[in-house]
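Here's structure38.txt, which has compact mmCIF, C-alpha atoms and all ligand atoms:
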```
# COMPACT_ATOMS: atom_id res chain seq x y z
CA MET A 952 118.75 28.97 28.25
CA SER A 953 118.84 30.90 31.48
CA THR A 954 116.70 34.04 31.75
CA ILE A 955 118.78 35.35 34.67
CA PRO A 956 120.99 38.18 33.35
CA SER A 957 124.72 37.55 33.75
CA LEU A 958 126.71 39.55 36.27
CA ALA A 959 128.45 41.38 33.44
CA ALA A 960 125.08 42.36 31.91
CA LEU A 961 123.79 43.58 35.28
CA GLU A 962 126.97 45.57 35.85
CA ALA A 963 126.75 47.15 32.42
CA GLN A 964 123.10 48.06 33.09
CA VAL A 965 123.73 49.81 36.42
CA LYS A 966 126.73 51.67 35.00
CA GLU A 967 124.44 53.44 32.53
CA ARG A 968 122.69 55.54 35.18
CA PRO A 969 123.91 57.60 38.16
CA LEU A 970 125.05 55.38 41.00
CA PRO A 971 124.63 56.04 44.71
CA ARG A 972 127.89 57.64 45.86
CA HIS A 973 127.69 56.05 49.30
CA VAL A 974 126.00 52.73 50.08
CA GLY A 975 125.55 51.42 53.63
CA ILE A 976 124.69 47.79 54.32
CA ILE A 977 123.24 46.30 57.50
CA MET A 978 124.56 42.77 57.04
CA ASP A 979 121.96 40.81 59.00
CA GLY A 980 120.82 37.19 59.17
CA ASN A 981 124.08 35.27 59.66
CA GLY A 982 122.82 33.51 62.78
CA ARG A 983 119.55 32.43 61.15
CA TRP A 984 121.37 31.20 58.06
CA ALA A 985 123.47 28.89 60.26
CA GLU A 986 120.58 27.82 62.49
CA GLU A 987 118.52 26.83 59.43
CA ARG A 988 121.33 24.43 58.53
CA GLY A 989 121.86 23.08 62.03
CA LEU A 990 125.25 24.82 62.19
CA PRO A 991 126.76 26.97 64.96
CA ARG A 992 125.96 30.70 64.52
CA LEU A 993 129.63 31.40 63.90
CA GLU A 994 129.49 29.42 60.66
CA GLY A 995 126.93 31.97 59.45
CA HIS A 996 129.32 34.78 60.25
CA ARG A 997 132.09 32.90 58.44
CA GLU A 998 129.95 32.42 55.31
CA GLY A 999 128.97 36.09 55.60
CA SER A 1000 132.58 37.11 55.05
CA ASN A 1001 132.37 35.56 51.55
CA SER A 1002 129.42 37.87 50.87
CA VAL A 1003 131.52 40.79 52.10
CA ARG A 1004 134.23 39.93 49.58
CA GLU A 1005 131.78 39.52 46.67
CA VAL A 1006 129.81 42.68 47.39
CA THR A 1007 132.98 44.75 47.89
CA ARG A 1008 134.33 43.54 44.54
CA ALA A 1009 131.05 44.35 42.77
CA ALA A 1010 130.87 47.83 44.34
CA ARG A 1011 134.45 48.55 43.32
CA ARG A 1012 133.89 47.27 39.78
CA VAL A 1013 130.83 49.41 39.07
CA GLY A 1014 132.35 52.51 40.65
CA VAL A 1015 130.58 53.10 43.97
CA GLU A 1016 132.66 55.72 45.79
CA ALA A 1017 131.99 54.66 49.36
CA LEU A 1018 130.72 51.40 50.85
CA THR A 1019 130.02 51.20 54.58
CA LEU A 1020 129.39 47.78 56.11
CA TYR A 1021 127.77 47.38 59.53
CA ALA A 1022 129.86 44.54 60.93
CA PHE A 1023 129.43 44.84 64.71
CA SER A 1024 127.25 47.21 66.72
CA SER A 1025 127.92 48.77 70.11
CA GLN A 1026 124.98 46.67 71.31
CA ASN A 1027 126.47 43.44 69.88
CA TRP A 1028 129.03 43.49 72.74
CA SER A 1029 126.19 42.15 74.93
CA ARG A 1030 125.90 38.90 72.93
CA PRO A 1031 127.18 35.67 74.52
CA MET A 1032 130.90 35.87 75.19
CA GLU A 1033 131.73 32.97 72.84
CA GLU A 1034 129.95 34.64 69.90
CA VAL A 1035 131.72 37.97 70.52
CA ALA A 1036 135.08 36.19 70.75
CA GLY A 1037 134.35 34.22 67.56
CA LEU A 1038 133.38 37.42 65.73
CA MET A 1039 136.61 39.12 66.84
CA ASP A 1040 138.64 36.14 65.53
CA LEU A 1041 136.80 36.33 62.21
CA LEU A 1042 137.42 40.06 61.97
CA ARG A 1043 141.13 39.59 62.47
CA GLU A 1044 141.13 36.79 59.91
CA TYR A 1045 139.25 39.03 57.45
CA LEU A 1046 141.73 41.90 57.86
CA GLU A 1047 144.67 39.58 57.28
CA LYS A 1048 143.18 37.58 54.39
CA GLU A 1049 141.70 40.52 52.45
CA ARG A 1050 144.69 42.82 52.91
CA LYS A 1051 146.29 42.01 49.57
CA GLU A 1052 143.08 42.31 47.56
CA ILE A 1053 142.22 45.63 49.21
CA LEU A 1054 145.66 47.05 48.45
CA ASP A 1055 145.80 45.59 44.91
CA ASN A 1056 142.46 47.22 44.09
CA ALA A 1057 143.33 50.69 45.38
CA ILE A 1058 140.63 50.49 48.07
CA ARG A 1059 141.02 52.63 51.17
CA LEU A 1060 140.05 50.77 54.31
CA ASN A 1061 138.42 52.89 56.98
CA ALA A 1062 136.68 52.12 60.27
CA VAL A 1063 134.10 53.95 62.37
CA GLY A 1064 132.93 53.13 65.87
CA GLU A 1065 134.17 52.86 69.43
CA LEU A 1066 137.40 51.33 68.16
CA ASP A 1067 139.16 51.52 71.52
CA ARG A 1068 136.79 48.79 72.76
CA LEU A 1069 138.19 46.33 70.19
CA PRO A 1070 140.81 43.82 71.34
CA ARG A 1071 144.42 44.51 70.35
CA MET A 1072 144.47 41.52 68.00
CA VAL A 1073 141.81 43.27 65.88
CA ARG A 1074 142.99 46.84 66.35
CA THR A 1075 146.55 46.12 65.24
CA PRO A 1076 145.74 44.67 61.76
CA LEU A 1077 142.95 47.25 61.39
CA GLU A 1078 145.25 50.20 62.05
CA ARG A 1079 147.93 48.67 59.84
CA LEU A 1080 145.63 48.25 56.85
CA ARG A 1081 144.09 51.67 57.42
CA ASP A 1082 147.57 53.23 57.29
CA GLU A 1083 148.80 51.15 54.36
CA SER A 1084 145.72 51.93 52.25
CA SER A 1085 145.34 55.59 53.24
CA ALA A 1086 146.45 56.98 49.85
CA ASN A 1087 144.12 54.69 47.84
CA ARG A 1088 141.38 56.44 45.93
CA ALA A 1089 139.34 53.87 43.94
CA MET A 1090 136.77 53.29 46.72
CA VAL A 1091 136.56 53.79 50.47
CA LEU A 1092 135.44 50.69 52.35
CA THR A 1093 134.34 51.63 55.85
CA LEU A 1094 133.74 48.98 58.50
CA ALA A 1095 131.28 50.09 61.16
CA LEU A 1096 132.80 48.22 64.07
CA SER A 1097 131.69 48.52 67.66
CA TYR A 1098 129.53 51.21 66.06
CA GLY A 1099 126.33 52.90 67.21
CA GLY A 1100 124.72 55.92 65.59
CA GLN A 1101 123.54 57.32 68.92
CA GLU A 1102 126.99 56.77 70.43
CA GLU A 1103 128.51 58.62 67.47
CA ILE A 1104 126.15 61.60 67.82
CA VAL A 1105 126.79 61.80 71.57
CA ALA A 1106 130.56 61.67 70.96
CA ALA A 1107 130.25 64.53 68.45
CA ALA A 1108 128.14 66.60 70.85
CA SER A 1109 130.62 65.92 73.67
CA ARG A 1110 133.51 67.17 71.54
CA LEU A 1111 131.60 70.37 70.79
CA VAL A 1112 130.77 70.86 74.48
CA ALA A 1113 134.44 70.39 75.39
CA ALA A 1114 135.49 72.89 72.69
CA ALA A 1115 132.90 75.40 73.97
CA ARG A 1116 134.16 74.98 77.54
CA SER A 1117 137.76 75.52 76.54
CA GLY A 1118 136.84 78.54 74.41
CA THR A 1119 138.01 77.05 71.08
CA LEU A 1120 134.54 76.77 69.52
CA PRO A 1121 133.96 79.51 66.90
CA ASP A 1122 131.32 81.98 68.06
CA ARG A 1123 128.72 81.35 65.33
CA PRO A 1124 125.49 79.34 65.17
CA LEU A 1125 125.99 75.60 64.82
CA THR A 1126 124.82 74.28 61.42
CA PRO A 1127 124.03 70.70 60.39
CA GLU A 1128 127.20 70.77 58.25
CA ALA A 1129 129.37 71.90 61.16
CA PHE A 1130 127.84 69.23 63.37
CA ALA A 1131 128.35 66.53 60.73
CA ALA A 1132 132.03 67.50 60.55
CA GLN A 1133 132.36 66.16 64.12
CA LEU A 1134 130.98 62.70 63.26
CA TRP A 1135 133.26 59.67 62.80
CA THR A 1136 132.15 59.49 59.16
CA ALA A 1137 133.09 63.15 58.59
CA PRO A 1138 134.83 63.17 55.19
CA LEU A 1139 132.50 60.59 53.59
CA PRO A 1140 129.72 61.67 51.21
CA PRO A 1141 126.14 61.54 52.54
CA VAL A 1142 124.57 58.06 52.46
CA ASP A 1143 122.43 57.61 49.34
CA LEU A 1144 121.31 54.02 49.88
CA VAL A 1145 120.94 51.75 52.90
CA VAL A 1146 120.34 48.04 52.34
CA ARG A 1147 119.28 45.70 55.13
CA THR A 1148 119.20 41.95 54.61
CA SER A 1149 117.24 39.22 56.44
CA GLY A 1150 113.74 40.68 56.42
CA GLU A 1151 114.10 42.97 59.46
CA HIS A 1152 112.62 46.41 58.88
CA ARG A 1153 114.63 48.53 61.29
CA VAL A 1154 117.75 50.66 61.44
CA SER A 1155 119.33 49.18 64.60
CA ASN A 1156 121.45 52.25 65.34
CA PHE A 1157 123.18 52.40 61.93
CA LEU A 1158 124.22 55.79 60.44
CA LEU A 1159 121.27 57.61 62.05
CA TRP A 1160 122.39 61.10 61.11
CA GLN A 1161 123.96 60.21 57.77
CA SER A 1162 120.93 58.37 56.38
CA ALA A 1163 118.57 61.37 56.80
CA TYR A 1164 117.78 61.35 53.07
CA ALA A 1165 118.96 57.86 52.13
CA GLU A 1166 116.82 55.47 50.12
CA PHE A 1167 116.15 52.22 52.01
CA ILE A 1168 115.95 48.74 50.56
CA PHE A 1169 114.91 45.84 52.78
CA THR A 1170 115.41 42.38 51.38
CA ASP A 1171 114.49 38.98 52.85
CA THR A 1172 117.76 37.43 51.64
CA LEU A 1173 119.99 36.45 54.55
CA TRP A 1174 123.44 38.05 54.48
CA PRO A 1175 125.43 34.83 53.78
CA GLU A 1176 123.29 34.36 50.65
CA PHE A 1177 123.49 37.99 49.53
CA ARG A 1178 125.99 38.07 46.68
CA ALA A 1179 127.07 40.33 43.81
CA HIS A 1180 123.87 39.99 41.77
CA HIS A 1181 121.68 40.85 44.79
CA PHE A 1182 123.80 43.95 45.35
CA LEU A 1183 123.59 44.98 41.69
CA ALA A 1184 119.81 44.45 41.80
CA CYS A 1185 119.65 46.88 44.77
CA LEU A 1186 121.62 49.46 42.79
CA ALA A 1187 119.21 49.03 39.88
CA GLU A 1188 116.22 49.50 42.20
CA TYR A 1189 117.81 52.64 43.67
CA GLN A 1190 118.21 54.03 40.15
CA HIS A 1191 114.43 53.90 39.68
CA ARG A 1192 113.64 55.90 42.80
CA GLU A 1193 112.85 59.61 42.69
CA ARG A 1194 114.72 61.48 45.42
CA ARG A 1195 112.93 64.70 46.23
CA PHE A 1196 114.70 66.06 49.36
CA GLY A 1197 111.53 67.84 50.40
CA LEU A 1198 110.74 69.34 47.01
CA THR A 1199 107.84 68.50 44.72
CA SER A 1200 108.37 66.26 41.76
CA ALA A 1201 107.82 69.20 39.37
CA GLN A 1202 110.64 71.16 40.99
CA LEU A 1203 113.25 68.51 40.23
CA PRO A 1204 115.65 68.89 37.31
CA LYS A 1205 114.43 66.86 34.31
C1 LIG A 1301 124.45 39.91 61.61
O1 LIG A 1301 123.90 38.65 61.76
C2 LIG A 1301 125.88 39.98 62.09
C3 LIG A 1301 126.05 40.67 63.38
C4 LIG A 1301 125.13 41.31 64.01
C5 LIG A 1301 127.37 40.63 63.97
P1 LIG A 1301 123.19 38.21 63.09
O2 LIG A 1301 124.20 37.53 63.95
O3 LIG A 1301 122.47 39.33 63.74
O4 LIG A 1301 122.16 37.12 62.55
P2 LIG A 1301 120.67 36.91 63.04
O5 LIG A 1301 119.97 38.22 62.93
O6 LIG A 1301 120.74 36.42 64.45
O7 LIG A 1301 120.13 35.88 62.09
C1 LIG A 1302 122.52 45.02 63.41
O1 LIG A 1302 122.06 43.73 63.49
C2 LIG A 1302 124.00 45.05 63.59
C3 LIG A 1302 124.78 44.45 62.51
C4 LIG A 1302 124.32 43.97 61.39
C5 LIG A 1302 126.19 44.45 62.73
P1 LIG A 1302 121.46 43.12 64.82
O2 LIG A 1302 121.07 41.72 64.49
O3 LIG A 1302 122.41 43.30 65.94
O4 LIG A 1302 120.18 44.04 65.08
P2 LIG A 1302 118.84 43.74 65.86
O5 LIG A 1302 119.22 43.24 67.21
O6 LIG A 1302 118.10 42.71 65.08
O7 LIG A 1302 118.11 45.03 65.89
MG MG A 1303 120.60 40.07 63.51
```
In structure tokens, how does this file's structure come out?
Amino acid sequence: MSTIPSLAALEAQVKERPLPRHVGIIMDGNGRWAEERGLPRLEGHREGSNSVREVTRAARRVGVEALTLYAFSSQNWSRPMEEVAGLMDLLREYLEKERKEILDNAIRLNAVGELDRLPRMVRTPLERLRDESSANRAMVLTLALSYGGQEEIVAAASRLVAAARSGTLPDRPLTPEAFAAQLWTAPLPPVDLVVRTSGEHRVSNFLLWQSAYAEFIFTDTLWPEFRAHHFLACLAEYQHRERRFGLTSAQLPK
């Protein structure tokens, strides 16, 4: 008899305790997964889209409010042209193939990043699905696409500077909340949990502002191998952490 708990048992277990409202995932290790198998890197990205589907389903089933997936960074534009082109093809394919499931499951698809840098063939299905799913409320799935946290913060600061110059900025001190309202992620809840796969222990420009008080989980599993039970195990680990937000343990509500 297997000692590995079933998916249903794991799901039931994590549903018993408070869940992170917003989970961010740095989906890393696709290239290494492929290279280990003597396959082209793109095959790793392709297999990674199956992990995206599985993890999205699991998040939706247990009731995570917001899931943000780091799919392509501002810096990833500097990869070899063939890899960038292959990733753009896969993105378009993903948006077309997953459309029905996203709509059937009342998921709202959202995107953050320098979206105007994306080719038309990605932007068109992205904008279409974003519009079609805009009234959905079960979960918001945000793709961080052509995204950089520093780029996002600079864009927010630039908007504030422009507003100040044109005299439309309210004459009161800027607060972290007012600044956050200018970020691309603005209406989303703060990030409670960031997961990074593939054994790298860095943030790589993901949700820099938003993850100020996030819990971090780094796992050696490569993204194409990271499936629903790995995700549920991360949620369970999160549920055992004590989040103090600068307070002492004794100050926290029991
Ligand atoms: C993550 O996998 C996907 C993207 C960055 C687009 P990588 O392509 O970075 O895979 P590794 O890190 O080279 O294994
Ligand atoms: C971060 O992974 C970006 C995505 C997962 C989309 P990278 O593979 O690009 O990050 P570095 O280069 O290892 O920091
Ligand atoms: Mg990588």
For this session: Kindly indicate which residue among A:Glu1166, A:Glu1151, A:Asp1122, A:Glu1103 lies nearest to ligand LIG 1302 (chain A), using only C-alpha atoms and all ligand atoms for the distances.
Result: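 Smallest distance to ligand LIG 1302 (chain A) is found for A:Glu1151.
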Problem set entry | Test item: residues no farther than 6 Å from ligand LIG 1302 (chain A), counting only C-alpha atoms and all ligand atoms, as a list in words |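 So the residues close to ligand LIG 1302 (chain A) are Ile977, Met978, Asp979, Tyr1021, Ala1022, Phe1023, Ser1024, Asn1027 and Ser1155 of chain A.
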Exercise. Between A:Gly975, A:Gly1150, A:Gly982, A:Gly1014, which one has atoms that come closest to Ala1095 of chain A, using all atoms listed in the file?
Worked result: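 Among the listed residues, A:Gly975 lies closest to Ala1095 of chain A.
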Exercise. Hey, which of A:Leu961, A:Leu1041, A:Ala1137, A:Val1154 ends up closest to ligand MG 1303 (chain A)? Count all atoms listed in the file.
Worked result: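 Distance minimum relative to ligand MG 1303 (chain A) lands on A:Val1154.
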Problem set entry | For Arg1004 of chain A, the nearest of the candidates A:Ala1179, A:Val1112, A:Leu1077, A:Leu958, counting only C-alpha atoms | A:Ala1179
Exercise. Which residue, A:Trp1135, A:Tyr1189, A:Phe1196, A:Phe1177, has the smallest gap to Tyr1164 of chain A when you use all atoms listed in the file?
Worked result: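 Ranked by minimum distance to Tyr1164 of chain A, first place goes to A:Phe1196.
With all atoms listed in the file as the atoms that count, the residue of A:His973, A:Arg1050, A:Arg992, A:Arg1071 with the shortest distance to ligand LIG 1301 (chain A) is A:Arg992.
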For this session: Would you list the contacts of Val1142 of chain A as number ranges by chain, taking every protein, DNA or RNA residue within 7 Å and counting all atoms listed in the file, but skipping same-chain residues closer than 2 positions in sequence?
Result: A: 973-975, 1140, 1144, 1161-1162, 1165
Which centre and edge lengths in Å to one decimal define the box along x, y and z that fits every listed atom of segment 1036-1053 of chain A plus 8 Å per side, as JSON?
```
{"center_x": 139.8, "center_y": 39.9, "center_z": 59.2, "size_x": 28.9, "size_y": 27.4, "size_z": 39.2}
```
Exercise. Counting all atoms listed in the file, which residues come within 12 Å of (120.7, 30.3, 60.8), with the point read in the file's coordinates, and could you list them as number ranges by chain?
Worked result: A: 979-999, 1149, 1172-1176
For this session: Taking (142.0, 39.7, 52.4) in the file's own coordinates, collect the residues within 12 Å, counting only C-alpha atoms, and hand them back as an MDAnalysis selection string.
Result: chainID A and resid 1000:1001 1003:1005 1007:1008 1041:1056 1058 1060 1076:1077 1080
Problem set entry | atom P1 of ligand LIG 1301 (chain A) to atom CA of Glu962 of chain A, straight-line distance in Å | 28.5 Å
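Interatomic distance, atom C4 of ligand LIG 1301 (chain A) against atom CA of Asp1067 of chain A: 18.9 Å.
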Exercise. Any idea what's packed within 12 Å of Leu1125 of chain A, counting all atoms listed in the file, ignoring anything in its chain fewer than 5 positions away? Could you give it as a ChimeraX atom specification?
Worked result: /A:1108,1111-1112,1115,1120,1130-1133
Exercise. Between atom CA of Leu1159 of chain A and atom C4 of ligand LIG 1301 (chain A), what is the spacing in Å?
Worked result: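 Taking atom C4 of ligand LIG 1301 (chain A) as the start and atom CA of Leu1159 of chain A as the end point, the length is 16.9 Å.
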Can you tell me which residues surround Gln964 of chain A at a distance of at most 12 Å, considering all atoms listed in the file, apart from same-chain residues fewer than 4 positions away, and format the answer as a PDB file with C-alpha atoms, keeping the file's coordinate frame?
```pdb
ATOM      1  CA  PRO A 956     120.990  38.180  33.350  1.00  0.00           C
ATOM      2  CA  SER A 957     124.720  37.550  33.750  1.00  0.00           C
ATOM      3  CA  LEU A 958     126.710  39.550  36.270  1.00  0.00           C
ATOM      4  CA  ALA A 959     128.450  41.380  33.440  1.00  0.00           C
ATOM      5  CA  ALA A 960     125.080  42.360  31.910  1.00  0.00           C
ATOM      6  CA  ARG A 968     122.690  55.540  35.180  1.00  0.00           C
ATOM      7  CA  PRO A 969     123.910  57.600  38.160  1.00  0.00           C
ATOM      8  CA  LEU A 970     125.050  55.380  41.000  1.00  0.00           C
ATOM      9  CA  VAL A1013     130.830  49.410  39.070  1.00  0.00           C
ATOM     10  CA  HIS A1180     123.870  39.990  41.770  1.00  0.00           C
ATOM     11  CA  LEU A1183     123.590  44.980  41.690  1.00  0.00           C
ATOM     12  CA  ALA A1184     119.810  44.450  41.800  1.00  0.00           C
ATOM     13  CA  LEU A1186     121.620  49.460  42.790  1.00  0.00           C
ATOM     14  CA  ALA A1187     119.210  49.030  39.880  1.00  0.00           C
ATOM     15  CA  GLU A1188     116.220  49.500  42.200  1.00  0.00           C
ATOM     16  CA  GLN A1190     118.210  54.030  40.150  1.00  0.00           C
TER      17      GLN A1190
END
```
Add whatever atoms are absent from segment 1088-1099 of chain A to reach all heavy atoms, and provide the output as an mmCIF file, in the frame of the given file.
```cif
data_model
loop_
_atom_site.group_PDB
_atom_site.id
_atom_site.type_symbol
_atom_site.label_atom_id
_atom_site.label_comp_id
_atom_site.auth_asym_id
_atom_site.auth_seq_id
_atom_site.Cartn_x
_atom_site.Cartn_y
_atom_site.Cartn_z
ATOM 1 N N ARG A 1088 142.483 55.550 46.304
ATOM 2 C CA ARG A 1088 141.380 56.440 45.930
ATOM 3 C C ARG A 1088 140.247 55.774 45.141
ATOM 4 O O ARG A 1088 139.256 56.422 44.823
ATOM 5 C CB ARG A 1088 141.924 57.612 45.072
ATOM 6 C CG ARG A 1088 142.795 58.603 45.848
ATOM 7 C CD ARG A 1088 141.978 59.416 46.862
ATOM 8 N NE ARG A 1088 142.825 60.237 47.713
ATOM 9 C CZ ARG A 1088 143.237 59.877 48.931
ATOM 10 N NH1 ARG A 1088 142.890 58.714 49.455
ATOM 11 N NH2 ARG A 1088 144.006 60.689 49.652
ATOM 12 N N ALA A 1089 140.369 54.477 44.807
ATOM 13 C CA ALA A 1089 139.340 53.870 43.940
ATOM 14 C C ALA A 1089 137.999 53.772 44.659
ATOM 15 O O ALA A 1089 136.951 54.017 44.068
ATOM 16 C CB ALA A 1089 139.794 52.509 43.460
ATOM 17 N N MET A 1090 138.024 53.394 45.938
ATOM 18 C CA MET A 1090 136.770 53.290 46.720
ATOM 19 C C MET A 1090 137.173 53.321 48.191
ATOM 20 O O MET A 1090 138.241 52.843 48.549
ATOM 21 C CB MET A 1090 136.055 51.966 46.409
ATOM 22 C CG MET A 1090 134.750 51.793 47.161
ATOM 23 S SD MET A 1090 133.812 50.321 46.660
ATOM 24 C CE MET A 1090 134.519 49.076 47.728
ATOM 25 N N VAL A 1091 136.295 53.882 49.029
ATOM 26 C CA VAL A 1091 136.560 53.790 50.470
ATOM 27 C C VAL A 1091 135.607 52.759 51.070
ATOM 28 O O VAL A 1091 134.387 52.871 50.928
ATOM 29 C CB VAL A 1091 136.556 55.157 51.198
ATOM 30 C CG1 VAL A 1091 135.338 55.964 50.877
ATOM 31 C CG2 VAL A 1091 136.671 54.971 52.713
ATOM 32 N N LEU A 1092 136.206 51.745 51.680
ATOM 33 C CA LEU A 1092 135.440 50.690 52.350
ATOM 34 C C LEU A 1092 135.507 50.947 53.842
ATOM 35 O O LEU A 1092 136.575 50.866 54.446
ATOM 36 C CB LEU A 1092 136.057 49.319 52.015
ATOM 37 C CG LEU A 1092 135.519 48.133 52.816
ATOM 38 C CD1 LEU A 1092 134.035 47.895 52.511
ATOM 39 C CD2 LEU A 1092 136.320 46.873 52.501
ATOM 40 N N THR A 1093 134.358 51.314 54.423
ATOM 41 C CA THR A 1093 134.340 51.630 55.850
ATOM 42 C C THR A 1093 133.673 50.494 56.611
ATOM 43 O O THR A 1093 132.551 50.085 56.278
ATOM 44 C CB THR A 1093 133.564 52.937 56.105
ATOM 45 O OG1 THR A 1093 134.208 53.991 55.374
ATOM 46 C CG2 THR A 1093 133.533 53.300 57.575
ATOM 47 N N LEU A 1094 134.361 49.981 57.631
ATOM 48 C CA LEU A 1094 133.740 48.980 58.500
ATOM 49 C C LEU A 1094 133.180 49.705 59.710
ATOM 50 O O LEU A 1094 133.913 50.425 60.400
ATOM 51 C CB LEU A 1094 134.792 47.946 58.944
ATOM 52 C CG LEU A 1094 135.518 47.191 57.825
ATOM 53 C CD1 LEU A 1094 136.542 46.224 58.420
ATOM 54 C CD2 LEU A 1094 134.518 46.434 56.939
ATOM 55 N N ALA A 1095 131.880 49.550 59.943
ATOM 56 C CA ALA A 1095 131.280 50.090 61.160
ATOM 57 C C ALA A 1095 131.424 48.991 62.210
ATOM 58 O O ALA A 1095 130.781 47.947 62.154
ATOM 59 C CB ALA A 1095 129.816 50.451 60.920
ATOM 60 N N LEU A 1096 132.328 49.244 63.132
ATOM 61 C CA LEU A 1096 132.800 48.220 64.070
ATOM 62 C C LEU A 1096 132.659 48.730 65.482
ATOM 63 O O LEU A 1096 133.229 49.778 65.795
ATOM 64 C CB LEU A 1096 134.297 48.010 63.839
ATOM 65 C CG LEU A 1096 134.751 47.006 62.805
ATOM 66 C CD1 LEU A 1096 136.264 46.904 62.853
ATOM 67 C CD2 LEU A 1096 134.123 45.667 63.112
ATOM 68 N N SER A 1097 131.939 48.006 66.322
ATOM 69 C CA SER A 1097 131.690 48.520 67.660
ATOM 70 C C SER A 1097 131.031 49.898 67.493
ATOM 71 O O SER A 1097 131.353 50.867 68.167
ATOM 72 C CB SER A 1097 133.030 48.636 68.421
ATOM 73 O OG SER A 1097 132.845 49.059 69.727
ATOM 74 N N TYR A 1098 130.126 49.949 66.504
ATOM 75 C CA TYR A 1098 129.530 51.210 66.060
ATOM 76 C C TYR A 1098 128.076 51.351 66.542
ATOM 77 O O TYR A 1098 127.308 50.383 66.523
ATOM 78 C CB TYR A 1098 129.530 51.282 64.525
ATOM 79 C CG TYR A 1098 128.800 52.501 64.012
ATOM 80 C CD1 TYR A 1098 129.463 53.722 63.877
ATOM 81 C CD2 TYR A 1098 127.432 52.445 63.722
ATOM 82 C CE1 TYR A 1098 128.776 54.854 63.459
ATOM 83 C CE2 TYR A 1098 126.741 53.575 63.298
ATOM 84 C CZ TYR A 1098 127.420 54.779 63.172
ATOM 85 O OH TYR A 1098 126.734 55.898 62.764
ATOM 86 N N GLY A 1099 127.722 52.558 66.930
ATOM 87 C CA GLY A 1099 126.330 52.900 67.210
ATOM 88 C C GLY A 1099 126.100 54.327 66.767
ATOM 89 O O GLY A 1099 126.926 55.210 67.060
#
```
